[in-house]
$ cat run-v3.txt   # compact mmCIF, C-alpha atoms
# COMPACT_ATOMS: atom_id res chain seq x y z
CA MET A 9 -0.71 7.09 82.92
CA THR A 10 0.32 10.30 84.70
CA ALA A 11 2.11 13.19 83.18
CA ALA A 12 5.25 12.43 85.09
CA SER A 13 5.39 8.87 83.92
CA SER A 14 4.70 10.03 80.42
CA ASN A 15 7.44 12.58 80.58
CA SER A 16 9.84 10.05 82.03
CA GLY A 17 9.06 7.68 79.18
CA ASP A 18 9.74 10.43 76.71
CA ASP A 19 13.03 11.17 78.44
CA VAL A 20 14.09 7.52 78.19
CA SER A 21 13.28 7.31 74.51
CA CYS A 22 14.88 10.61 73.77
CA SER A 23 17.95 9.70 75.78
CA ASN A 24 18.45 6.66 73.55
CA TRP A 25 18.16 8.84 70.48
CA GLU A 26 20.52 11.36 71.98
CA GLN A 27 23.16 8.68 72.45
CA ASN A 28 22.98 7.87 68.76
CA GLY A 29 23.35 11.52 67.84
CA GLU A 30 19.89 11.77 66.33
CA ILE A 31 18.30 14.47 68.50
CA CYS A 32 19.10 17.99 69.54
CA ARG A 33 17.86 20.10 72.44
CA GLY A 34 15.48 22.90 71.80
CA SER A 35 14.22 25.89 73.71
CA GLY A 36 10.94 24.24 74.65
CA TYR A 37 9.98 21.31 76.80
CA GLY A 38 11.54 17.90 75.99
CA LYS A 39 13.76 16.84 73.18
CA VAL A 40 13.44 18.02 69.52
CA VAL A 41 14.00 15.56 66.65
CA SER A 42 16.69 16.71 64.22
CA VAL A 43 16.07 17.19 60.47
CA ALA A 44 18.18 14.14 59.62
CA ALA A 45 16.21 11.92 61.96
CA ALA A 46 12.90 13.14 60.58
CA ALA A 47 14.08 12.60 57.02
CA ALA A 48 15.21 9.07 57.87
CA ALA A 49 11.85 8.34 59.44
CA ALA A 50 9.95 9.66 56.43
CA ALA A 51 12.16 7.68 54.06
CA ALA A 52 11.60 4.51 56.06
CA ALA A 53 7.86 5.05 55.88
CA ALA A 54 8.02 5.59 52.14
CA GLN A 55 9.88 2.30 51.70
CA GLN A 56 7.22 0.51 53.78
CA LEU A 57 9.64 -0.78 56.41
CA PRO A 58 8.02 -2.90 59.11
CA PHE A 59 8.89 -0.51 61.98
CA CYS A 60 9.39 3.21 62.11
CA PHE A 61 9.64 5.25 65.34
CA VAL A 62 8.41 8.83 65.26
CA PRO A 63 8.76 10.68 68.59
CA PRO A 64 5.62 12.33 69.92
CA PHE A 65 5.13 16.01 69.24
CA THR A 66 5.90 18.14 72.30
CA SER A 67 5.78 21.58 70.68
CA LEU A 68 4.83 23.46 67.56
CA GLU A 69 8.51 23.82 66.71
CA GLN A 70 8.90 20.05 66.54
CA ARG A 71 5.86 19.76 64.23
CA ALA A 72 7.20 22.46 61.92
CA LYS A 73 10.58 20.79 61.66
CA LEU A 74 9.02 17.38 60.95
CA ASP A 75 6.81 18.85 58.22
CA SER A 76 9.86 20.49 56.71
CA ALA A 77 11.66 17.15 56.70
CA LYS A 78 8.71 15.46 55.00
CA ARG A 79 8.66 18.11 52.30
CA PHE A 80 12.38 17.64 51.78
CA VAL A 81 12.01 13.88 51.35
CA THR A 82 9.07 14.33 48.98
CA GLU A 83 11.08 16.74 46.88
CA LEU A 84 13.93 14.23 46.71
CA ASN A 85 11.51 11.52 45.53
CA ILE A 86 10.06 13.82 42.87
CA ARG A 87 13.52 14.70 41.61
CA ALA A 88 14.42 11.00 41.41
CA VAL A 89 11.27 10.23 39.40
CA ILE A 90 11.90 13.13 37.02
CA ALA A 91 15.50 12.05 36.52
CA LYS A 92 14.37 8.48 35.78
CA GLN A 93 11.80 9.65 33.23
CA ALA A 94 14.38 11.86 31.52
CA THR A 95 16.76 8.90 31.27
CA LEU A 96 14.04 6.72 29.73
CA GLN A 97 13.14 9.42 27.22
CA MET A 98 16.77 9.67 26.15
CA GLN A 99 17.04 5.90 25.74
CA GLN A 100 13.84 5.45 23.71
CA PRO A 101 14.99 7.36 20.55
CA GLN A 102 18.23 5.39 20.55
CA ALA A 103 16.35 2.09 20.78
CA GLN A 104 13.97 3.12 17.99
CA ALA A 105 16.88 4.15 15.80
CA GLN A 106 18.49 0.75 16.25
CA GLN A 107 15.30 -1.14 15.37
CA PRO A 108 14.60 -1.60 11.62
CA GLN A 109 11.78 0.55 10.27
CA ALA A 110 8.74 -1.58 9.48
CA LYS A 111 7.15 -1.04 6.07
CA PRO A 112 3.57 0.18 6.05
CA PRO A 113 1.03 -2.51 5.20
CA ARG A 114 0.38 -2.85 1.50
CA GLN A 115 -3.03 -2.27 0.02
CA PRO A 116 -4.82 -5.57 -0.73
CA ILE A 117 -4.98 -6.53 -4.40
CA THR A 118 -8.78 -6.47 -4.28
CA MET A 119 -8.70 -2.79 -3.27
CA LEU A 120 -6.51 -1.97 -6.27
CA CYS A 121 -9.11 -3.57 -8.55
CA ARG A 122 -11.93 -1.21 -7.49
CA ILE A 123 -12.71 2.17 -9.02
CA TYR A 124 -15.23 4.89 -8.25
CA VAL A 125 -17.49 6.26 -11.00
CA GLY A 126 -19.35 9.49 -10.25
CA ASN A 127 -21.71 11.91 -11.99
CA ILE A 128 -23.61 9.11 -13.73
CA GLY A 129 -26.74 10.21 -15.54
CA TYR A 130 -30.09 8.78 -14.50
CA ASP A 131 -30.53 7.36 -18.00
CA ILE A 132 -27.59 4.98 -17.40
CA ASP A 133 -28.22 1.78 -15.48
CA GLU A 134 -25.90 -0.93 -14.19
CA ASP A 135 -25.70 -2.68 -17.55
CA GLY A 136 -24.73 0.59 -19.21
CA VAL A 137 -21.86 1.07 -16.77
CA ARG A 138 -20.70 -2.51 -17.34
CA VAL A 139 -20.70 -2.10 -21.12
CA ALA A 140 -18.81 1.20 -20.92
CA PHE A 141 -16.03 -0.19 -18.69
CA SER A 142 -15.72 -3.73 -20.07
CA PRO A 143 -13.12 -2.82 -22.77
CA PHE A 144 -10.46 -2.44 -20.05
CA GLY A 145 -10.75 -5.95 -18.65
CA SER A 146 -12.98 -8.56 -17.10
CA ILE A 147 -15.44 -7.06 -14.57
CA LYS A 148 -16.36 -8.97 -11.43
CA ALA A 149 -19.10 -6.70 -10.07
CA VAL A 150 -20.81 -3.33 -10.53
CA GLU A 151 -22.35 -1.76 -7.42
CA MET A 152 -24.61 1.27 -7.85
CA GLY A 153 -25.86 3.38 -4.98
CA TRP A 154 -29.66 3.04 -4.96
CA ASP A 155 -32.18 5.53 -3.54
CA ALA A 156 -35.23 3.52 -2.52
CA THR A 157 -37.41 6.57 -1.86
CA ARG A 158 -36.85 8.02 -5.33
CA THR A 159 -36.60 4.60 -7.03
CA LYS A 160 -33.43 5.58 -8.90
CA HIS A 161 -29.70 5.34 -8.38
CA LYS A 162 -27.70 8.01 -6.58
CA GLY A 163 -25.48 8.91 -9.51
CA PHE A 164 -22.39 6.89 -8.59
CA ALA A 165 -21.13 3.34 -8.78
CA PHE A 166 -18.19 1.11 -7.86
CA VAL A 167 -16.69 -1.15 -10.51
CA GLU A 168 -14.54 -4.08 -9.45
CA TYR A 169 -12.21 -5.73 -12.00
CA GLU A 170 -10.44 -9.03 -11.80
CA LEU A 171 -7.02 -7.41 -12.30
CA PRO A 172 -5.52 -4.13 -11.02
CA GLU A 173 -4.14 -3.38 -14.52
CA ALA A 174 -7.70 -3.05 -15.83
CA ALA A 175 -8.62 -0.62 -13.04
CA ALA A 176 -5.59 1.57 -13.76
CA LEU A 177 -6.40 1.69 -17.49
CA ALA A 178 -10.07 2.48 -16.78
CA ILE A 179 -9.14 5.45 -14.59
CA ALA A 180 -6.75 6.79 -17.23
CA GLY A 181 -9.16 6.25 -20.12
CA MET A 182 -12.57 7.09 -18.67
CA ASN A 183 -12.04 10.01 -16.29
CA GLY A 184 -13.86 12.95 -17.87
CA ALA A 185 -15.23 10.84 -20.73
CA PRO A 186 -18.88 11.29 -21.77
CA LEU A 187 -21.34 8.62 -20.67
CA GLY A 188 -24.88 9.34 -21.72
CA MET A 189 -25.63 13.04 -21.26
CA ARG A 190 -22.87 13.68 -18.70
CA SER A 191 -19.11 13.58 -18.29
CA ILE A 192 -18.29 11.03 -15.62
CA ARG A 193 -15.61 11.18 -12.93
CA VAL A 194 -13.47 8.09 -12.42
CA SER A 195 -10.91 7.67 -9.63
CA ARG A 196 -9.75 5.40 -6.85
CA PRO A 197 -11.99 4.96 -3.81
CA ASN A 198 -11.20 7.18 -0.85
CA ASN A 199 -9.83 4.29 1.22
CA VAL A 200 -7.16 3.46 -1.40
CA THR A 201 -3.92 5.45 -1.12
CA ASP A 202 -0.57 5.29 -2.92
CA ALA A 203 -1.93 2.88 -5.54
CA SER A 204 0.68 3.83 -8.15
CA GLN A 205 3.52 3.23 -5.68
CA VAL A 206 2.12 -0.17 -4.73
CA ILE A 207 1.78 -1.15 -8.40
CA ASP A 208 5.37 -0.12 -9.08
CA GLU A 209 6.52 -2.31 -6.18
CA MET A 210 4.48 -5.23 -7.54
CA ILE A 211 6.07 -4.84 -10.98
CA LYS A 212 9.54 -4.82 -9.46
CA GLU A 213 8.91 -7.78 -7.17
CA SER A 214 7.42 -9.92 -9.96
CA ASP A 215 10.09 -8.86 -12.49
CA LEU A 216 7.51 -7.61 -15.01
CA GLN A 217 9.43 -4.66 -16.46
CA ASN A 218 9.29 -6.21 -19.96
CA TRP A 219 5.62 -7.28 -19.79
CA LEU A 220 2.53 -5.49 -21.10
CA TYR A 221 -1.15 -5.96 -20.36
CA VAL A 222 -3.39 -5.81 -23.46
CA ALA A 223 -7.19 -5.62 -23.30
CA ASN A 224 -10.15 -5.20 -25.67
CA VAL A 225 -8.70 -7.68 -28.15
CA ARG A 226 -11.13 -9.07 -30.68
CA ARG A 227 -12.33 -12.51 -29.61
CA ASP A 228 -11.71 -13.99 -33.09
CA LEU A 229 -8.01 -13.06 -33.16
CA SER A 230 -5.35 -15.53 -32.12
CA GLU A 231 -2.10 -15.11 -30.20
CA GLY A 232 -0.17 -15.26 -33.45
CA ASP A 233 -2.22 -12.41 -34.90
CA LEU A 234 -1.57 -10.23 -31.87
CA ARG A 235 2.14 -11.05 -31.93
CA LEU A 236 2.37 -10.04 -35.57
CA VAL A 237 0.98 -6.58 -34.78
CA PHE A 238 3.17 -5.90 -31.75
CA GLU A 239 6.41 -7.18 -33.29
CA ALA A 240 6.68 -3.86 -35.12
CA PHE A 241 8.24 -2.36 -31.96
CA GLY A 242 10.64 -5.12 -30.95
CA SER A 243 11.21 -8.79 -30.38
CA VAL A 244 8.15 -10.35 -28.71
CA LEU A 245 9.30 -13.27 -26.58
CA GLN A 246 5.86 -14.39 -25.41
CA CYS A 247 2.30 -13.51 -26.36
CA VAL A 248 -0.50 -15.18 -24.42
CA LEU A 249 -4.24 -14.55 -24.18
CA ALA A 250 -6.47 -15.59 -21.27
CA PRO A 251 -8.31 -18.75 -22.33
CA ALA A 252 -12.06 -18.52 -22.80
CA THR A 253 -14.45 -20.06 -20.33
CA GLU A 254 -16.78 -22.87 -21.34
CA ALA A 255 -19.65 -20.46 -21.91
CA GLU A 256 -17.46 -18.12 -23.96
CA ALA A 257 -16.03 -21.00 -25.97
CA ALA A 258 -19.57 -22.16 -26.73
CA ASN A 259 -20.20 -18.75 -28.30
CA GLY A 260 -17.17 -19.15 -30.54
CA ASP A 261 -14.74 -16.95 -28.58
CA LYS A 262 -11.08 -17.96 -28.70
CA HIS A 263 -10.12 -16.08 -25.52
CA ARG A 264 -11.45 -13.62 -22.92
CA GLY A 265 -10.33 -10.47 -24.71
CA PHE A 266 -7.16 -9.71 -22.73
CA GLY A 267 -3.66 -11.09 -22.43
CA TYR A 268 0.02 -10.37 -21.90
CA LEU A 269 3.07 -9.62 -24.05
CA GLN A 270 6.72 -9.96 -23.12
CA TYR A 271 9.40 -7.97 -24.95
CA GLU A 272 13.11 -8.58 -24.89
CA THR A 273 13.85 -5.21 -23.27
CA ALA A 274 11.95 -2.76 -21.11
CA GLN A 275 12.57 0.02 -23.65
CA GLU A 276 10.78 -1.94 -26.36
CA ALA A 277 7.85 -2.52 -24.02
CA THR A 278 7.65 1.20 -23.22
CA GLU A 279 7.68 2.23 -26.88
CA SER A 280 5.04 -0.35 -27.73
CA MET A 281 2.79 0.83 -24.89
CA LYS A 282 3.03 4.47 -26.00
CA ASN A 283 2.13 3.72 -29.62
CA MET A 284 -0.43 0.93 -29.15
CA LYS A 285 -2.53 2.10 -26.18
CA THR A 286 -5.20 3.60 -28.49
CA PHE A 287 -4.58 1.56 -31.65
CA ASP A 288 -7.71 0.52 -33.54
CA LEU A 289 -7.38 -3.18 -34.37
CA GLY A 290 -10.32 -4.49 -36.35
CA GLY A 291 -12.79 -1.90 -35.09
CA GLN A 292 -11.83 -2.18 -31.41
CA VAL A 293 -9.47 0.23 -29.65
CA LEU A 294 -6.74 -1.65 -27.80
CA ARG A 295 -6.05 -0.83 -24.15
CA VAL A 296 -2.38 -1.33 -23.32
CA GLY A 297 -0.59 -0.79 -19.99
CA ARG A 298 2.07 -2.16 -17.69
CA ALA A 299 1.53 -5.67 -16.36
CA ALA A 300 1.40 -5.63 -12.53
CA THR A 301 0.26 -9.16 -11.65
CA ALA A 302 1.86 -12.45 -12.62
CA PRO A 303 0.51 -13.47 -16.05
CA GLU A 304 0.31 -17.13 -15.03
CA LYS A 305 -2.57 -16.27 -12.67
CA SER A 306 -4.78 -15.45 -15.67
CA VAL A 307 -3.11 -17.85 -18.10
CA PRO A 308 -2.57 -21.13 -16.21
CA HIS A 309 -0.66 -22.83 -19.02
CA LEU A 310 1.93 -20.05 -19.19
CA LEU A 311 5.47 -20.96 -18.17
CA ARG A 312 7.46 -17.79 -17.73
CA GLU A 313 11.08 -18.00 -18.78
CA PRO A 314 13.77 -15.32 -18.46
CA PRO A 315 14.86 -13.56 -21.67
CA PRO A 316 17.66 -15.42 -23.50
CA PRO A 317 21.14 -14.03 -22.80
CA LYS A 318 22.70 -11.95 -25.50
CA ASN A 319 25.65 -13.33 -27.47
CA ASN A 320 28.71 -11.51 -26.18
CA ASN A 321 31.13 -13.52 -28.37
CA ALA A 322 30.02 -11.80 -31.57
CA ASP A 323 32.26 -9.28 -33.24
CA GLN A 324 31.51 -6.01 -31.47
CA SER A 325 33.04 -3.87 -34.19
CA GLU A 326 30.72 -5.27 -36.82
CA SER A 327 27.63 -4.93 -34.60
CA SER A 328 28.47 -1.34 -33.63
CA SER A 329 28.81 -0.31 -37.28
CA THR A 330 25.40 -1.70 -38.19
CA THR A 331 23.47 -0.71 -35.05
CA ALA A 332 22.67 2.83 -36.13
CA THR A 333 21.62 1.78 -39.61
CA ASN A 334 19.41 -1.04 -38.36
CA PHE A 335 17.76 1.16 -35.75
CA GLN A 336 16.91 3.82 -38.31
CA THR A 337 15.59 1.23 -40.74
CA GLU A 338 13.44 -0.41 -38.07
CA ALA A 339 12.08 2.94 -36.93
CA GLU A 340 11.07 3.88 -40.47
CA SER A 341 9.46 0.54 -41.20
CA ALA A 342 7.73 0.14 -37.82
CA ALA A 343 4.59 2.01 -38.83
CA CYS A 344 4.45 0.29 -42.22
CA SER A 345 4.85 -3.13 -40.64
CA LEU A 346 2.17 -2.34 -38.10
CA LYS A 347 -0.35 -1.28 -40.70
CA SER A 348 0.50 -4.17 -43.02
CA GLY A 349 0.19 -6.68 -40.18
CA ALA A 350 -3.20 -5.37 -39.17
CA ALA A 351 -4.30 -5.35 -42.81
CA GLN A 352 -3.23 -8.97 -43.24
CA ILE A 353 -5.19 -10.02 -40.19
CA LEU A 354 -8.33 -8.21 -41.27
CA SER A 355 -8.11 -9.48 -44.84
CA ALA A 356 -7.66 -13.04 -43.62
CA ASN A 357 -10.67 -12.74 -41.33
CA ASN A 358 -12.76 -11.20 -44.10
CA SER A 359 -11.81 -13.99 -46.53
CA VAL A 360 -12.76 -16.60 -43.94
CA ALA A 361 -16.08 -14.88 -43.32
CA GLN A 362 -16.74 -14.64 -47.08
CA GLY A 363 -15.89 -18.33 -47.52
CA ASN A 364 -18.29 -19.26 -44.76
CA GLY A 365 -20.99 -17.17 -46.44
CA ASP A 366 -20.44 -18.83 -49.81
CA SER A 367 -20.54 -22.28 -48.30
CA GLY A 368 -23.73 -21.42 -46.48
CA SER A 369 -25.37 -20.11 -49.64
$ encode --input "run-v3.txt" --output "structure tokens"
Amino acid sequence: MTAASSNSGDDVSCSNWEQNGEICRGSGYGKVVSVAAAAAAAAAAAQQLPFCFVPPFTSLEQRAKLDSAKRFVTELNIRAVIAKQATLQMQQPQAQAQQPQAKPPRQPITMLCRIYVGNIGYDIDEDGVRVAFSPFGSIKAVEMGWDATRTKHKGFAFVEYELPEAAALAIAGMNGAPLGMRSIRVSRPNNVTDASQVIDEMIKESDLQNWLYVANVRRDLSEGDLRLVFEAFGSVLQCVLAPATEAEAANGDKHRGFGYLQYETAQEATESMKNMKTFDLGGQVLRVGRAATAPEKSVPHLLREPPPPKNNNADQSESSSTTATNFQTEAESAACSLKSGAAQILSANNSVAQGNGDSGS
């Protein structure tokens, strides 16, 4: 194609654009595309339209104006994207505020049953750790870190109980206590957090505010004997001990050494826990704490019942006049009743043992 024909073709195309008001004349040769036309062409290309006509460049001035139009369209697109992102960022906090806050996942019960024991002397083996921590509850496993090159343990162990109440009592009772030639360190494992908060939630959910967990009970004592001792601090509604296994029953054990007590009020349970957590009953120190798990899991035959409602039809004037006197009398006789109850239990057991010895002789 010759230059003349090419120029004539350009004139025809530009004349059509000029009729639509989309071109303007410049100082150079041919027609110059306006800024609006270049912007429309760039926008059409951005939207991926099937056809887009861009006039051929006839001068450096045309190229400069087209580049300026492209930059203008790009700037508009960037501003639109920024405005859209700002709108989304403003909407996200509002949507999150409307959605209910999800509770963090609770620690598994098995994690609450594990404790860490550190600074163990090399003269203490796995059996020694088990014997030292068994008064707080039934132990499922004892894992000691073992150094194969030195053929000795690494000075720490993990103790896993069947119940989280036993783990909590072991931490409170054994942290800093002497074991062998050293004072051991007892705490929760590093991967267990907010254990006390989780236990409080479990107590509230299971309605165990009036229940106590009691461990290290002599295997020859009965539920009635334990009730007699703890009734010094209030009305005991239920007293149950975990039944012995077949192997334990074959050895003459009546129970597994731990159980649960239910008081009529939470205040009575608190007072009993404070006074009985280190009480020596028949040569064994009791371990008493809050019950966190449902007692029926350890005592299958237990049927929990709510405390009986108080009688509101009684004469309030008569009860109010005698409340202070009765409370003072009960407070003064609590210690005496406790000691006398324990003495009765021990004397009865001693008489039974003596009778068995006489019959054997």
$ atom_distance --input "run-v3.txt" --atom1 "atom CA of Pro143 of chain A" --atom2 "atom CA of Gly129 of chain A"
20.2 Å
$ atom_distance --input "run-v3.txt" --atom1 "atom CA of Gln217 of chain A" --atom2 "atom CA of Ala180 of chain A"
19.8 Å
$ atom_distance --input "run-v3.txt" --atom1 "atom CA of Leu177 of chain A" --atom2 "atom CA of Ser142 of chain A"
11.1 Å
$ residues_around --input "run-v3.txt" --residues "segment 276-289 of chain A" --least-positions-apart "6" --cutoff "9 Å" --atoms "only C-alpha atoms" --output "list in words"
Gln217, Asn218, Trp219, Leu220, Val222, Val225, Arg226, Phe238, Glu239, Ala240, Phe241, Gly242, Ser243, Leu269, Gln270, Arg295, Val296, Gly297, Arg298, Ala350 and Leu354 of chain A
$ residues_around --input "run-v3.txt" --residues "Ile123 of chain A" --least-positions-apart "2" --cutoff "9 Å" --atoms "all atoms listed in the file" --output "MDAnalysis selection string"
chainID A and resid 119:121 125 165:169 175:176 178:179 194:197
$ residues_around --input "run-v3.txt" --residues "Gly184 of chain A" --least-positions-apart "5" --cutoff "7 Å" --atoms "all atoms listed in the file" --output "ChimeraX atom specification"
/A:191-193
$ write_last_selection --input "run-v3.txt" --atoms "C-alpha atoms" --output "PDB file, keeping the file's coordinate frame"
ATOM      1  CA  SER A 191     -19.110  13.580 -18.290  1.00  0.00           C
ATOM      2  CA  ILE A 192     -18.290  11.030 -15.620  1.00  0.00           C
ATOM      3  CA  ARG A 193     -15.610  11.180 -12.930  1.00  0.00           C
TER       4      ARG A 193
END
$ axis_aligned_box --input "run-v3.txt" --around "segment 237-241 of chain A" --padding-each-side "8 Å" --output "lines of an AutoDock Vina configuration file"
center_x = 4.6
center_y = -4.8
center_z = -33.4
size_x = 23.3
size_y = 20.8
size_z = 19.4
$ closest_residue --input "run-v3.txt" --among "A:Ile128, A:Ala91, A:Ala257, A:Ala299" --to "Arg190 of chain A" --atoms "all atoms listed in the file"
A:Ile128
$ residues_around --input "run-v3.txt" --residues "His263 of chain A" --least-positions-apart "6" --cutoff "6 Å" --atoms "only C-alpha atoms" --output "CSV table (one decimal) with C-alpha atoms, in the coordinates of the input"
chain,number,residue,atom,x,y,z
A,227,ARG,CA,-12.3,-12.5,-29.6
A,250,ALA,CA,-6.5,-15.6,-21.3
A,251,PRO,CA,-8.3,-18.8,-22.3
A,252,ALA,CA,-12.1,-18.5,-22.8
$ residues_around --input "run-v3.txt" --residues "His161 of chain A" --least-positions-apart "5" --cutoff "12 Å" --atoms "all atoms listed in the file" --output "ChimeraX atom specification"
/A:126-134,151-156
$ closest_residue --input "run-v3.txt" --among "A:Val139, A:Ala258, A:Pro116, A:Asp233" --to "Thr201 of chain A" --atoms "all atoms listed in the file"
A:Pro116
$ closest_residue --input "run-v3.txt" --among "A:Ala223, A:Ala300, A:Val248, A:Leu234" --to "Asp208 of chain A" --atoms "all atoms listed in the file"
A:Ala300
